[in-house]
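**Student:** Structure supplied as structure.cif; contents: mmCIF, C-alpha atoms.
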data_target
loop_
_atom_site.label_atom_id
_atom_site.label_comp_id
_atom_site.auth_asym_id
_atom_site.auth_seq_id
_atom_site.Cartn_x
_atom_site.Cartn_y
_atom_site.Cartn_z
CA MET N 9 26.33 47.11 259.02
CA MET N 10 22.73 48.31 258.69
CA ASP N 11 21.69 45.43 260.91
CA ARG N 12 24.09 46.60 263.63
CA ILE N 13 22.86 50.19 263.32
CA LEU N 14 19.31 48.95 263.68
CA LEU N 15 20.33 46.88 266.70
CA PHE N 16 21.96 49.81 268.53
CA GLY N 17 19.37 52.35 267.40
CA GLY N 18 16.40 50.10 268.06
CA ILE N 19 17.53 49.23 271.57
CA ALA N 20 18.30 52.90 272.36
CA LEU N 21 14.82 53.81 271.13
CA GLY N 22 13.44 51.00 273.29
CA ALA N 23 15.19 52.53 276.31
CA LEU N 24 13.62 55.92 275.58
CA ILE N 25 10.19 54.32 275.19
CA GLN N 26 10.61 52.48 278.51
CA LEU N 27 11.71 55.73 280.19
CA PHE N 28 8.64 57.61 279.04
CA LEU N 29 6.06 54.87 279.52
CA PRO N 30 4.11 55.20 282.77
CA ALA N 31 4.71 52.88 285.72
CA TRP N 32 1.76 50.58 286.43
CA PRO N 33 0.68 50.67 290.09
CA VAL N 34 -1.51 47.57 289.71
CA PHE N 35 1.55 45.58 288.61
CA GLY N 36 3.64 46.75 291.56
CA GLY N 37 4.72 50.03 289.99
CA ILE N 38 6.89 48.48 287.30
CA LYS N 39 7.24 49.61 283.71
CA PRO N 40 6.67 47.47 280.61
CA PRO N 41 9.91 45.47 280.04
CA VAL N 42 10.72 46.88 276.60
CA LEU N 43 14.50 46.41 276.93
CA ALA N 44 14.11 42.83 278.16
CA ALA N 45 11.89 42.21 275.12
CA PHE N 46 14.62 43.55 272.82
CA ALA N 47 17.20 41.30 274.50
CA LEU N 48 14.87 38.32 274.01
CA TYR N 49 14.10 39.23 270.41
CA TYR N 50 17.78 39.26 269.48
CA ALA N 51 18.43 36.08 271.49
CA LEU N 52 15.69 34.31 269.53
CA HIS N 53 16.64 35.63 266.10
CA ARG N 54 20.41 36.11 265.94
CA SER N 55 23.74 34.32 266.09
CA PRO N 56 25.50 34.12 269.48
CA ARG N 57 27.58 37.19 268.59
CA GLY N 58 24.53 39.30 267.74
CA MET N 59 22.75 38.03 270.83
CA TRP N 60 25.61 39.01 273.17
CA ILE N 61 25.96 42.48 271.65
CA ALA N 62 22.21 43.13 271.95
CA VAL N 63 21.95 41.70 275.45
CA PHE N 64 24.86 43.73 276.83
CA TRP N 65 23.82 46.94 275.09
CA ALA N 66 20.27 46.59 276.48
CA ALA N 67 21.59 45.73 279.95
CA LEU N 68 24.07 48.61 279.94
CA LEU N 69 21.37 51.09 279.01
CA HIS N 70 18.93 49.68 281.55
CA ASP N 71 21.32 49.68 284.50
CA GLY N 72 23.06 52.87 283.40
CA LEU N 73 19.81 54.81 283.36
CA ASP N 74 18.47 53.24 286.55
CA LEU N 75 19.37 54.24 290.10
CA GLY N 76 21.53 51.97 292.27
CA GLY N 77 24.45 49.84 291.20
CA PHE N 78 24.98 47.96 287.95
CA GLY N 79 23.51 44.49 288.22
CA PRO N 80 19.83 43.67 287.82
CA ALA N 81 19.84 43.81 284.02
CA LEU N 82 23.53 43.00 283.64
CA ILE N 83 22.83 39.60 285.20
CA GLY N 84 19.19 39.13 284.22
CA PHE N 85 19.38 39.92 280.50
CA PRO N 86 22.33 37.61 279.69
CA LEU N 87 20.59 34.87 281.66
CA ILE N 88 17.33 35.11 279.71
CA GLY N 89 19.31 35.65 276.51
CA VAL N 90 21.37 32.47 276.93
CA LEU N 91 18.35 30.36 277.90
CA ALA N 92 16.27 31.61 274.97
CA HIS N 93 19.18 31.27 272.55
CA ARG N 94 19.78 27.64 273.54
CA ILE N 95 16.31 26.49 272.57
CA ARG N 96 15.54 28.85 269.71
CA LEU N 97 16.06 26.15 267.07
CA GLU N 98 13.57 23.82 268.74
CA ILE N 99 10.67 26.28 268.77
CA PHE N 100 8.76 28.38 266.27
CA VAL N 101 10.28 31.75 267.21
CA ASP N 102 7.91 33.84 265.11
CA GLY N 103 4.75 32.28 266.53
CA PHE N 104 2.56 34.73 268.40
CA VAL N 105 1.90 32.32 271.27
CA THR N 106 5.60 31.39 271.50
CA GLN N 107 6.47 35.07 271.79
CA MET N 108 3.84 35.67 274.43
CA VAL N 109 5.11 32.72 276.48
CA PHE N 110 8.77 33.71 276.06
CA GLY N 111 8.00 37.35 276.76
CA ALA N 112 6.25 36.43 279.98
CA LEU N 113 8.89 33.93 281.14
CA GLY N 114 11.81 36.18 280.20
CA ALA N 115 10.38 39.24 281.93
CA MET N 116 9.51 37.20 285.03
CA LEU N 117 13.02 35.72 285.20
CA ALA N 118 14.63 39.15 284.78
CA MET N 119 12.37 40.52 287.51
CA LEU N 120 13.19 37.60 289.80
CA VAL N 121 16.90 38.32 289.35
CA ALA N 122 16.29 41.99 290.16
CA VAL N 123 14.28 41.08 293.28
CA LEU N 124 17.02 38.71 294.50
CA LEU N 125 19.83 41.16 293.77
CA TYR N 126 18.13 44.18 295.32
CA THR N 127 17.24 42.13 298.39
CA ALA N 128 20.72 40.62 298.71
CA THR N 129 22.41 44.02 298.43
CA GLY N 130 19.82 45.76 300.62
CA GLN N 131 19.16 48.44 298.03
CA ARG N 132 15.38 47.94 298.15
CA PRO N 133 13.16 46.72 301.00
CA PHE N 134 11.73 43.22 300.48
CA HIS N 135 8.00 42.52 300.81
CA PHE N 136 6.91 39.08 299.68
CA GLY N 137 3.50 40.19 298.40
CA TYR N 138 4.91 43.17 296.56
CA ALA N 139 7.70 41.09 295.01
CA LEU N 140 5.18 38.48 293.86
CA LEU N 141 2.96 41.21 292.39
CA ARG N 142 5.93 42.61 290.48
CA ILE N 143 6.98 39.22 289.14
CA ILE N 144 3.46 38.39 287.98
CA GLY N 145 3.00 41.92 286.64
CA SER N 146 6.23 41.80 284.68
CA GLY N 147 5.10 38.48 283.19
CA LEU N 148 1.84 40.01 281.99
CA LEU N 149 3.55 43.08 280.59
CA GLY N 150 6.29 40.97 278.99
CA MET N 151 3.57 38.90 277.32
CA VAL N 152 2.52 42.06 275.48
CA ALA N 153 5.96 43.64 275.05
CA LEU N 154 7.78 40.84 273.16
CA PRO N 155 5.17 40.35 270.40
CA LEU N 156 5.03 44.13 269.88
CA VAL N 157 8.82 44.47 269.77
CA SER N 158 9.10 41.45 267.45
CA TRP N 159 6.46 42.82 265.09
CA SER N 160 8.10 46.28 265.00
CA MET N 161 11.60 44.89 264.45
CA LYS N 162 10.41 42.55 261.69
CA LYS N 163 8.82 45.50 259.89
CA LEU N 164 11.94 47.63 260.32
CA GLU N 165 14.25 44.83 259.17
CA ALA N 166 12.06 44.21 256.13
CA ALA N 167 12.35 47.89 255.26
CA LEU N 168 16.17 47.78 255.31
CA PRO N 169 18.02 47.50 252.00
CA LYS N 170 19.35 43.95 251.46
CA ARG N 171 22.99 43.24 250.63
CA ARG N 172 23.42 40.88 247.69
CA GLY N 173 27.17 40.35 247.82
CA TYR N 174 28.14 43.29 245.61
CA GLY N 175 27.03 46.33 247.55
CA TRP N 176 23.79 47.77 248.89
CA GLN N 177 20.73 47.43 246.66
CA MET I 1 34.00 27.01 269.28
CA ASP I 2 34.18 23.58 270.99
CA PHE I 3 32.30 22.69 274.16
CA ARG I 4 35.30 23.20 276.47
CA ASN I 5 36.04 26.66 275.06
CA LYS I 6 32.41 27.63 275.29
CA LYS I 7 32.35 26.66 278.96
CA LEU I 8 35.45 28.75 279.58
CA VAL I 9 33.97 31.78 277.84
CA TYR I 10 30.73 31.48 279.84
CA ALA I 11 32.68 31.10 283.09
CA ALA I 12 34.83 34.14 282.30
CA ALA I 13 31.78 36.21 281.35
CA ALA I 14 29.95 35.16 284.53
CA GLY I 15 33.02 35.98 286.65
CA LEU I 16 33.39 39.38 285.02
CA LEU I 17 29.72 40.14 285.58
CA LEU I 18 29.92 39.20 289.26
CA VAL I 19 32.99 41.43 289.66
CA VAL I 20 31.18 44.34 287.96
CA VAL I 21 28.05 43.86 290.06
CA PHE I 22 29.49 43.13 293.49
CA VAL I 23 33.08 44.44 293.52
CA LEU I 24 33.03 47.52 291.30
CA PRO I 25 33.79 50.62 293.43
CA ALA I 26 30.96 53.15 293.69
CA SER I 27 33.06 55.86 292.02
CA LEU I 28 33.67 53.70 288.93
CA SER I 29 30.03 52.64 288.83
CA ARG I 30 29.02 56.32 288.98
CA LYS I 31 31.41 57.18 286.15
CA GLY I 32 29.95 54.39 284.02
CA LYS I 33 26.42 55.58 284.71
CA GLY I 34 27.43 59.17 284.02
CA ALA I 35 28.76 58.11 280.61
CA VAL I 36 25.56 56.24 279.72
CA ARG I 37 23.37 59.13 280.92
CA GLY I 38 25.52 61.65 279.07
CA VAL I 39 24.91 59.75 275.84
CA VAL I 40 21.17 59.39 276.39
CA ALA I 41 20.45 62.82 277.95
CA PRO I 42 20.12 64.81 274.67
CA ALA I 43 17.63 62.24 273.35
CA GLU I 44 15.74 62.35 276.66
CA ARG I 45 15.56 66.16 276.48
CA GLY I 46 14.35 65.98 272.89
CA THR I 47 11.72 63.38 273.68
CA ALA I 48 10.54 65.29 276.76
CA GLY I 49 10.20 68.46 274.65
CA LEU I 50 8.34 66.55 271.94
CA GLY I 51 6.03 65.03 274.56
CA LYS I 52 5.18 68.49 275.90
CA ARG I 53 4.44 69.80 272.41
CA LEU I 54 2.26 66.80 271.62
CA ALA I 55 0.33 67.29 274.86
CA GLU I 56 -0.22 70.95 273.98
CA ALA I 57 -1.34 70.03 270.48
CA ALA I 58 -3.71 67.37 271.83
CA SER I 59 -5.15 69.91 274.24
CA ALA I 60 -5.71 72.40 271.41
CA ILE I 61 -7.30 69.70 269.20
CA ARG I 62 -9.62 68.64 272.02
CA GLY I 63 -10.76 72.24 272.32
CA ILE I 64 -11.39 72.57 268.56
CA GLY I 65 -13.16 69.20 268.44
CA GLY I 66 -15.51 70.19 271.21
CA ALA I 67 -16.33 73.47 269.52
CA VAL I 68 -16.94 71.77 266.19
CA GLU I 69 -19.26 69.19 267.71
CA GLU I 70 -21.24 71.83 269.53
CA ASN I 71 -21.40 74.23 266.64
CA ARG I 72 -21.44 72.17 263.45
CA ASP I 73 -22.88 74.95 261.35
CA LEU I 74 -20.45 77.63 262.34
CA SER I 75 -18.28 79.12 259.65
CA LEU I 76 -14.57 78.47 259.14
CA ASP I 77 -13.80 81.85 260.65
CA LEU I 78 -15.37 80.84 263.89
CA VAL I 79 -13.30 77.65 264.01
CA ARG I 80 -10.18 79.67 263.39
CA LEU I 81 -11.14 82.04 266.19
CA GLN I 82 -11.76 79.08 268.46
CA ALA I 83 -8.30 77.73 267.65
CA GLU I 84 -6.80 81.12 268.40
CA LEU I 85 -8.73 81.28 271.65
CA ASN I 86 -7.48 77.83 272.65
CA SER I 87 -3.96 78.86 271.85
CA LEU I 88 -4.38 82.03 273.95
CA ARG I 89 -5.83 79.99 276.80
CA GLU I 90 -2.83 77.69 276.67
CA ALA I 91 -0.56 80.72 276.70
CA GLU I 92 -2.49 82.19 279.63
CA ALA I 93 -2.25 78.92 281.58
CA ASP I 94 1.49 78.79 280.85
CA ASN I 95 1.80 82.40 281.89
CA ILE I 96 0.06 81.79 285.23
CA ARG I 97 2.14 78.67 285.87
CA LEU I 98 5.43 80.37 285.04
CA ARG I 99 4.50 83.53 286.98
CA ARG I 100 3.78 81.34 290.00
CA ALA I 101 7.11 79.59 289.59
CA PHE I 102 8.92 82.88 289.07
CA ASN I 103 7.34 84.46 292.14
CA PHE I 104 8.20 81.37 294.15
CA HIS I 105 11.76 81.55 292.85
CA ARG I 106 12.01 85.28 293.66
CA GLN I 107 10.48 85.06 297.13
CA ALA I 108 12.42 82.03 298.34
CA PRO I 109 15.16 83.09 300.75
CA HIS I 110 17.71 80.62 299.41
CA SER I 111 19.43 80.45 296.11
CA MET I 112 17.81 77.94 293.77
CA ILE I 113 18.59 76.42 290.40
CA PRO I 114 15.56 75.94 288.11
CA CYS I 115 15.65 72.59 286.27
CA ASP I 116 13.52 70.77 283.70
CA VAL I 117 12.35 67.24 284.45
CA ILE I 118 13.61 65.25 281.46
CA SER I 119 12.51 61.71 282.31
CA ARG I 120 11.23 59.30 284.94
CA ASN I 121 12.83 56.13 286.34
CA ILE I 122 13.39 53.43 283.72
CA SER I 123 12.49 50.33 285.74
CA GLY I 124 9.85 51.49 288.22
CA TRP I 125 11.95 50.08 291.06
CA TRP I 126 12.85 53.58 292.25
CA ASN I 127 10.62 56.59 292.77
CA SER I 128 12.77 59.09 290.98
CA VAL I 129 12.89 61.61 288.15
CA ARG I 130 15.87 62.85 286.15
CA ILE I 131 16.53 66.57 285.73
CA GLY I 132 18.51 68.13 282.92
CA LYS I 133 21.21 69.82 285.01
CA GLY I 134 24.24 68.42 286.83
CA THR I 135 27.59 69.29 288.34
CA ALA I 136 28.33 71.61 285.41
CA ASP I 137 25.41 73.78 286.56
CA GLY I 138 26.41 73.79 290.22
CA ILE I 139 24.25 70.92 291.46
CA ALA I 140 25.72 68.70 294.16
CA ASP I 141 24.67 65.47 295.84
CA ASN I 142 22.06 65.39 298.61
CA ARG I 143 20.48 68.80 297.93
CA ALA I 144 16.81 69.54 298.50
CA VAL I 145 14.62 69.68 295.40
CA ILE I 146 11.50 71.76 295.80
CA SER I 147 8.53 72.98 293.80
CA PRO I 148 5.90 75.63 294.56
CA ASP I 149 3.85 72.82 296.20
CA GLY I 150 6.60 71.71 298.59
CA LEU I 151 9.52 69.33 298.89
CA VAL I 152 9.92 67.02 295.90
CA GLY I 153 12.94 65.02 297.09
CA LYS I 154 16.71 65.19 297.08
CA THR I 155 19.46 64.98 294.50
CA THR I 156 21.51 61.82 294.09
CA GLU I 157 23.85 60.31 291.49
CA VAL I 158 24.72 63.69 290.02
CA SER I 159 26.54 63.52 286.70
CA LYS I 160 27.91 66.37 284.61
CA ARG I 161 24.75 67.22 282.65
CA SER I 162 21.97 65.42 284.51
CA CYS I 163 20.98 64.38 287.98
CA GLU I 164 18.60 61.93 289.63
CA VAL I 165 16.04 63.22 292.12
CA LEU I 166 15.02 60.67 294.72
CA LEU I 167 11.41 61.51 295.53
CA VAL I 168 10.07 61.91 299.06
CA CYS I 169 8.00 58.74 298.63
CA ASP I 170 11.02 56.51 297.83
CA PRO I 171 12.05 54.18 300.70
CA ALA I 172 15.68 55.33 300.32
CA CYS I 173 14.74 58.99 300.91
CA ARG I 174 15.01 59.87 304.59
CA LEU I 175 15.04 63.32 306.10
CA SER I 176 14.56 65.11 309.37
CA ALA I 177 11.17 66.81 309.72
CA LYS I 178 8.91 68.52 312.19
CA ILE I 179 5.21 69.19 312.55
CA ARG I 180 4.50 72.84 311.88
CA GLY I 181 3.56 74.81 314.94
CA LYS I 182 4.24 71.96 317.38
CA ASN I 183 8.01 71.82 317.64
CA VAL I 184 7.87 68.04 317.36
CA PHE I 185 10.57 66.35 315.37
CA GLY I 186 10.66 63.02 313.56
CA LEU I 187 12.17 61.13 310.66
CA VAL I 188 10.30 61.12 307.35
CA ARG I 189 10.91 58.21 304.98
CA GLY I 190 9.21 57.12 301.81
CA VAL I 191 6.97 54.08 301.58
CA GLY I 192 6.38 54.01 297.83
CA THR I 193 3.05 54.30 296.09
CA ASN I 194 -0.29 52.63 296.72
CA LEU I 195 -2.25 50.66 294.13
CA LYS I 196 -3.76 53.89 292.82
CA GLY I 197 -0.27 55.25 292.19
CA GLN I 198 -0.52 57.89 294.93
CA PRO I 199 2.77 58.52 296.77
CA ILE I 200 2.97 57.67 300.47
CA ALA I 201 5.53 58.56 303.14
CA ARG I 202 5.65 58.11 306.88
CA MET I 203 7.02 60.03 309.82
CA ASP I 204 8.61 57.93 312.57
CA PHE I 205 9.89 58.60 316.08
CA ILE I 206 7.33 61.29 316.98
CA ASP I 207 7.10 62.04 320.69
CA LYS I 208 4.30 59.83 322.07
CA ASP I 209 2.91 62.55 324.36
CA THR I 210 2.32 65.08 321.62
CA VAL I 211 -1.19 65.29 320.20
CA ILE I 212 -1.01 65.05 316.41
CA ARG I 213 -4.03 65.16 314.15
CA VAL I 214 -4.90 64.16 310.61
CA GLY I 215 -4.27 67.19 308.43
CA ASP I 216 -1.30 68.52 310.42
CA GLU I 217 1.37 69.92 308.14
CA VAL I 218 4.83 68.33 308.15
CA VAL I 219 7.78 70.51 307.15
CA THR I 220 11.56 70.10 306.91
CA SER I 221 13.41 70.70 310.15
CA GLY I 222 16.54 72.10 308.55
CA LEU I 223 18.72 69.43 310.13
CA SER I 224 20.56 67.37 307.55
CA GLY I 225 23.61 65.18 307.29
CA ALA I 226 26.06 64.10 304.58
CA GLY I 227 26.76 67.67 303.50
CA GLY I 228 23.17 68.16 302.43
CA VAL I 229 21.31 71.43 302.15
CA PHE I 230 17.72 71.29 303.37
CA PRO I 231 16.13 74.66 304.13
CA LYS I 232 13.94 74.87 307.19
CA GLY I 233 10.17 74.99 306.93
CA VAL I 234 9.58 73.59 303.43
CA ARG I 235 6.27 71.72 303.30
CA ILE I 236 6.65 67.95 302.91
CA GLY I 237 3.03 66.87 303.20
CA TYR I 238 0.05 66.32 305.45
CA ILE I 239 -0.65 63.66 308.03
CA THR I 240 -3.31 61.20 306.86
CA ALA I 241 -3.20 58.65 309.72
CA THR I 242 -1.47 58.13 313.05
CA GLU I 243 -0.55 55.05 315.07
CA ARG I 244 1.35 54.16 318.24
CA ASP I 245 4.79 52.55 317.75
CA ARG I 246 5.00 48.83 318.70
CA SER I 247 7.42 49.62 321.50
CA GLY I 248 5.03 52.23 322.89
CA LEU I 249 7.83 54.79 323.09
CA PHE I 250 6.91 56.76 319.98
CA GLN I 251 4.09 57.36 317.59
CA ASN I 252 4.20 57.19 313.79
CA ALA I 253 2.20 59.01 311.15
CA GLN I 254 1.37 58.34 307.54
CA LEU I 255 1.87 61.27 305.16
CA ALA I 256 0.55 62.35 301.81
CA PRO I 257 3.41 64.24 300.12
CA SER I 258 2.16 67.58 298.83
CA ALA I 259 4.28 67.90 295.67
CA THR I 260 2.47 66.01 292.92
CA VAL I 261 5.46 64.92 290.90
CA SER I 262 3.50 63.27 288.11
CA LEU I 263 2.36 66.71 287.00
CA LEU I 264 5.73 68.44 287.32
CA ASP I 265 7.80 69.51 284.39
CA TYR I 266 10.20 71.73 286.30
CA VAL I 267 11.66 71.82 289.82
CA PHE I 268 14.16 73.88 291.80
CA VAL I 269 17.33 72.57 293.40
CA VAL I 270 18.41 74.42 296.54
CA SER I 271 22.03 75.35 296.13
CA ASP I 272 22.99 77.00 299.43
CA THR I 273 21.88 78.74 302.69
CA VAL I 274 19.64 77.32 305.37
CA THR I 275 17.07 79.99 306.16
CA GLU I 276 13.41 79.39 306.99
CA VAL I 277 10.67 79.57 304.37
CA LYS I 278 7.76 81.74 305.50
CA PRO I 279 4.44 79.82 305.48
#
How does this structure look as structure tokens?

**Tutor:**
Amino acid sequence: MMDRILLFGGIALGALIQLFLPAWPVFGGIKPPVLAAFALYYALHRSPRGMWIAVFWAALLHDGLDLGGFGPALIGFPLIGVLAHRIRLEIFVDGFVTQMVFGALGAMLAMLVAVLLYTATGQRPFHFGYALLRIIGSGLLGMVALPLVSWSMKKLEAALPKRRGYGWQ
Amino acid sequence: MDFRNKKLVYAAAAGLLLVVVFVLPASLSRKGKGAVRGVVAPAERGTAGLGKRLAEAASAIRGIGGAVEENRDLSLDLVRLQAELNSLREAEADNIRLRRAFNFHRQAPHSMIPCDVISRNISGWWNSVRIGKGTADGIADNRAVISPDGLVGKTTEVSKRSCEVLLVCDPACRLSAKIRGKNVFGLVRGVGTNLKGQPIARMDFIDKDTVIRVGDEVVTSGLSGAGGVFPKGVRIGYITATERDRSGLFQNAQLAPSATVSLLDYVFVVSDTVTEVKP
């Protein structure tokens, strides 16, 4: 129960942080992918059920708070979630370098999905150089975002009371 | 869950996602977004308020810090007086800012709804801000949003308690404009921001025979479609560069929008009438 509350609360807080963080002009005007990092964190650390709940909650918040139609996160986050979840047992998920690599790859993949979807639906104009800048920029920001999110969530989870089979301790 | 079932679940989820993304009617999509925004809006307002208070506190601390560094030997009374002075300066700055906004609000010939900016765009894909008022406060789609500096943008995706403002520099924001004093019309559309984060817009379809210069002021023409309300004569920005259209039939101009949105914490939404703003 507390784990679920932390999941919903943590991701909602992540959405607020992403809303209030500044956009980075040198990375194509994008914001640090905090919600994508949350989706990845839960994909790397939870059962399929927990992963799906986290991924859809993060995607719903992202697309719900963004302009345009539902889609970029609703497709991108499940995609990165499923891919990360499939190989999570073969990697050291708490390793700093692993998180940097996964953060970068996940954010880049989510951004690529957004670029393709916005271009296909004509919601945003397509410029190759700008799209490339955004994909690379999201990779660099994702490289920082996932380790930070992982560290914060680990600390928060460690602070939660543990259930020992006969109530909350 | 066996492999076959798993495949089925993934296929069903993928199908549902594609339906939601590509087939969902705009009205349903808007309702869904309205629900999400309704849930998050109170937290956004709270965080925006907290951010303002923190900024004010930081400003006061900076003032005290400077005074302490410069006057290490001054007594505690002096520090307290300095803090009071900083607080009064803040209040004075607020007073000037609000007086300016109030005068602007009072002098404007059209009815306007004052709104707080509660957050910015979440992804950075859109140049937009969210304001803390919606249909419940009389705000409709495609209305001009202005500040004492000029046109900020237009309303879009209005929900009950909040509303998105598409900024002038967003590529999806297009509006009819003219160059002040020249009776030359054109179409202004956003280009985005440059690498320094400064907003850029451009004005297309300007008569090729008209002489336009860098620094000319571009204002709204008052012509608008889709049930929009855009008062005449509101400043959009200044021309920073001009060029001849590829076809040779028109000329285009690059604009620097005059409303600096990054510094805004409140804006006004025009609710009705289409009278001209006096320069």

**Student:** For chain I, report every residue with an atom at most 10 Å from chain N (counting only C-alpha atoms), formatted as a compact mmCIF listing (two decimals) with C-alpha atoms, in the coordinates of the input.

**Tutor:**
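File produced: out.txt:
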# COMPACT_ATOMS: atom_id res chain seq x y z
CA TYR I 10 30.73 31.48 279.84
CA ALA I 13 31.78 36.21 281.35
CA ALA I 14 29.95 35.16 284.53
CA LEU I 17 29.72 40.14 285.58
CA LEU I 18 29.92 39.20 289.26
CA VAL I 20 31.18 44.34 287.96
CA VAL I 21 28.05 43.86 290.06
CA PHE I 22 29.49 43.13 293.49
CA LEU I 24 33.03 47.52 291.30
CA PRO I 25 33.79 50.62 293.43
CA ALA I 26 30.96 53.15 293.69
CA SER I 29 30.03 52.64 288.83
CA ARG I 30 29.02 56.32 288.98
CA LYS I 31 31.41 57.18 286.15
CA GLY I 32 29.95 54.39 284.02
CA LYS I 33 26.42 55.58 284.71
CA GLY I 34 27.43 59.17 284.02
CA ALA I 35 28.76 58.11 280.61
CA VAL I 36 25.56 56.24 279.72
CA ARG I 37 23.37 59.13 280.92
CA GLY I 38 25.52 61.65 279.07
CA VAL I 39 24.91 59.75 275.84
CA VAL I 40 21.17 59.39 276.39
CA ALA I 41 20.45 62.82 277.95
CA ALA I 43 17.63 62.24 273.35
CA GLU I 44 15.74 62.35 276.66
CA THR I 47 11.72 63.38 273.68
CA ALA I 48 10.54 65.29 276.76
CA GLY I 51 6.03 65.03 274.56
CA ILE I 118 13.61 65.25 281.46
CA SER I 119 12.51 61.71 282.31
CA ARG I 120 11.23 59.30 284.94
CA ASN I 121 12.83 56.13 286.34
CA ILE I 122 13.39 53.43 283.72
CA SER I 123 12.49 50.33 285.74
CA GLY I 124 9.85 51.49 288.22
CA TRP I 125 11.95 50.08 291.06
CA TRP I 126 12.85 53.58 292.25
CA ASN I 127 10.62 56.59 292.77
CA SER I 128 12.77 59.09 290.98
CA VAL I 129 12.89 61.61 288.15
CA ARG I 130 15.87 62.85 286.15
CA THR I 156 21.51 61.82 294.09
CA GLU I 157 23.85 60.31 291.49
CA GLU I 164 18.60 61.93 289.63
CA VAL I 165 16.04 63.22 292.12
CA LEU I 166 15.02 60.67 294.72
CA ASP I 170 11.02 56.51 297.83
CA PRO I 171 12.05 54.18 300.70
CA ALA I 172 15.68 55.33 300.32
CA VAL I 191 6.97 54.08 301.58
CA GLY I 192 6.38 54.01 297.83
CA THR I 193 3.05 54.30 296.09
CA ASN I 194 -0.29 52.63 296.72
CA LEU I 195 -2.25 50.66 294.13
CA LYS I 196 -3.76 53.89 292.82
CA GLY I 197 -0.27 55.25 292.19
CA GLN I 198 -0.52 57.89 294.93
CA SER I 262 3.50 63.27 288.11

**Student:** If we count only C-alpha atoms, what is near Gly103 of chain N at a cut-off of 12 Å, once residues fewer than 5 positions away on the same chain are taken out, given as a tab-separated table (two decimals) with C-alpha atoms, in the frame of the given file?

**Tutor:**
chain	number	residue	atom	x	y	z
N	52	LEU	CA	15.69	34.31	269.53
N	96	ARG	CA	15.54	28.85	269.71
N	108	MET	CA	3.84	35.67	274.43
N	109	VAL	CA	5.11	32.72	276.48
N	110	PHE	CA	8.77	33.71	276.06
N	111	GLY	CA	8.00	37.35	276.76
N	154	LEU	CA	7.78	40.84	273.16
N	155	PRO	CA	5.17	40.35	270.40
N	158	SER	CA	9.10	41.45	267.45
N	159	TRP	CA	6.46	42.82	265.09

**Student:** For Leu140 of chain N, which residue among N:Met116, N:Leu156, N:Leu15, N:Ala166 is the nearest when counting all atoms listed in the file?

**Tutor:** N:Met116

**Student:** I need the residue set behind the PyMOL selection byres ((chain I and resi 212) around 10) for this file; please write it as a ChimeraX atom specification.

**Tutor:** /I:179,182,184,206-211,213-217,239,241-242,251-253

**Student:** Restrict the selected residues to C-alpha atoms and save them as a tab-separated table (two decimals), in the frame of the given file.

**Tutor:**
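Wrote again.tsv, looks like this:
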chain	number	residue	atom	x	y	z
I	179	ILE	CA	5.21	69.19	312.55
I	182	LYS	CA	4.24	71.96	317.38
I	184	VAL	CA	7.87	68.04	317.36
I	206	ILE	CA	7.33	61.29	316.98
I	207	ASP	CA	7.10	62.04	320.69
I	208	LYS	CA	4.30	59.83	322.07
I	209	ASP	CA	2.91	62.55	324.36
I	210	THR	CA	2.32	65.08	321.62
I	211	VAL	CA	-1.19	65.29	320.20
I	213	ARG	CA	-4.03	65.16	314.15
I	214	VAL	CA	-4.90	64.16	310.61
I	215	GLY	CA	-4.27	67.19	308.43
I	216	ASP	CA	-1.30	68.52	310.42
I	217	GLU	CA	1.37	69.92	308.14
I	239	ILE	CA	-0.65	63.66	308.03
I	241	ALA	CA	-3.20	58.65	309.72
I	242	THR	CA	-1.47	58.13	313.05
I	251	GLN	CA	4.09	57.36	317.59
I	252	ASN	CA	4.20	57.19	313.79
I	253	ALA	CA	2.20	59.01	311.15

**Student:** Hey, can you check how far atom CA of Ala177 of chain I sits from atom CA of Ser258 of chain I?

**Tutor:**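 So the answer is 14.2 Å.
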
**Student:** Could you please give me, as number ranges by chain, the residues of protein, DNA or RNA lying at most 6 Å from (17.6, 74.3, 297.6) in the coordinate frame of the file, considering all atoms listed in the file?

**Tutor:** I: 112, 144-145, 269-271

**Student:** Quote the spacing between atom CA of Ala140 of chain I and atom CA of Pro257 of chain I in Å to one decimal place.

**Tutor:**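 Interatomic distance, atom CA of Ala140 of chain I to atom CA of Pro257 of chain I: 23.5 Å.
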
**Student:** Can you pull out the residues contacting Ala51 of chain N? Cut-off 9 Å, using only C-alpha atoms, and skip same-chain residues under 6 positions away; I want them as number ranges by chain.

**Tutor:** N: 58-60, 62-63, 88-94, 96

**Student:** Write the residues you've just listed into a file as an mmCIF file, in the frame of the given file, and include C-alpha atoms for each of them.

**Tutor:**
data_model
loop_
_atom_site.group_PDB
_atom_site.id
_atom_site.type_symbol
_atom_site.label_atom_id
_atom_site.label_comp_id
_atom_site.auth_asym_id
_atom_site.auth_seq_id
_atom_site.Cartn_x
_atom_site.Cartn_y
_atom_site.Cartn_z
ATOM 1 C CA GLY N 58 24.530 39.300 267.740
ATOM 2 C CA MET N 59 22.750 38.030 270.830
ATOM 3 C CA TRP N 60 25.610 39.010 273.170
ATOM 4 C CA ALA N 62 22.210 43.130 271.950
ATOM 5 C CA VAL N 63 21.950 41.700 275.450
ATOM 6 C CA ILE N 88 17.330 35.110 279.710
ATOM 7 C CA GLY N 89 19.310 35.650 276.510
ATOM 8 C CA VAL N 90 21.370 32.470 276.930
ATOM 9 C CA LEU N 91 18.350 30.360 277.900
ATOM 10 C CA ALA N 92 16.270 31.610 274.970
ATOM 11 C CA HIS N 93 19.180 31.270 272.550
ATOM 12 C CA ARG N 94 19.780 27.640 273.540
ATOM 13 C CA ARG N 96 15.540 28.850 269.710
#
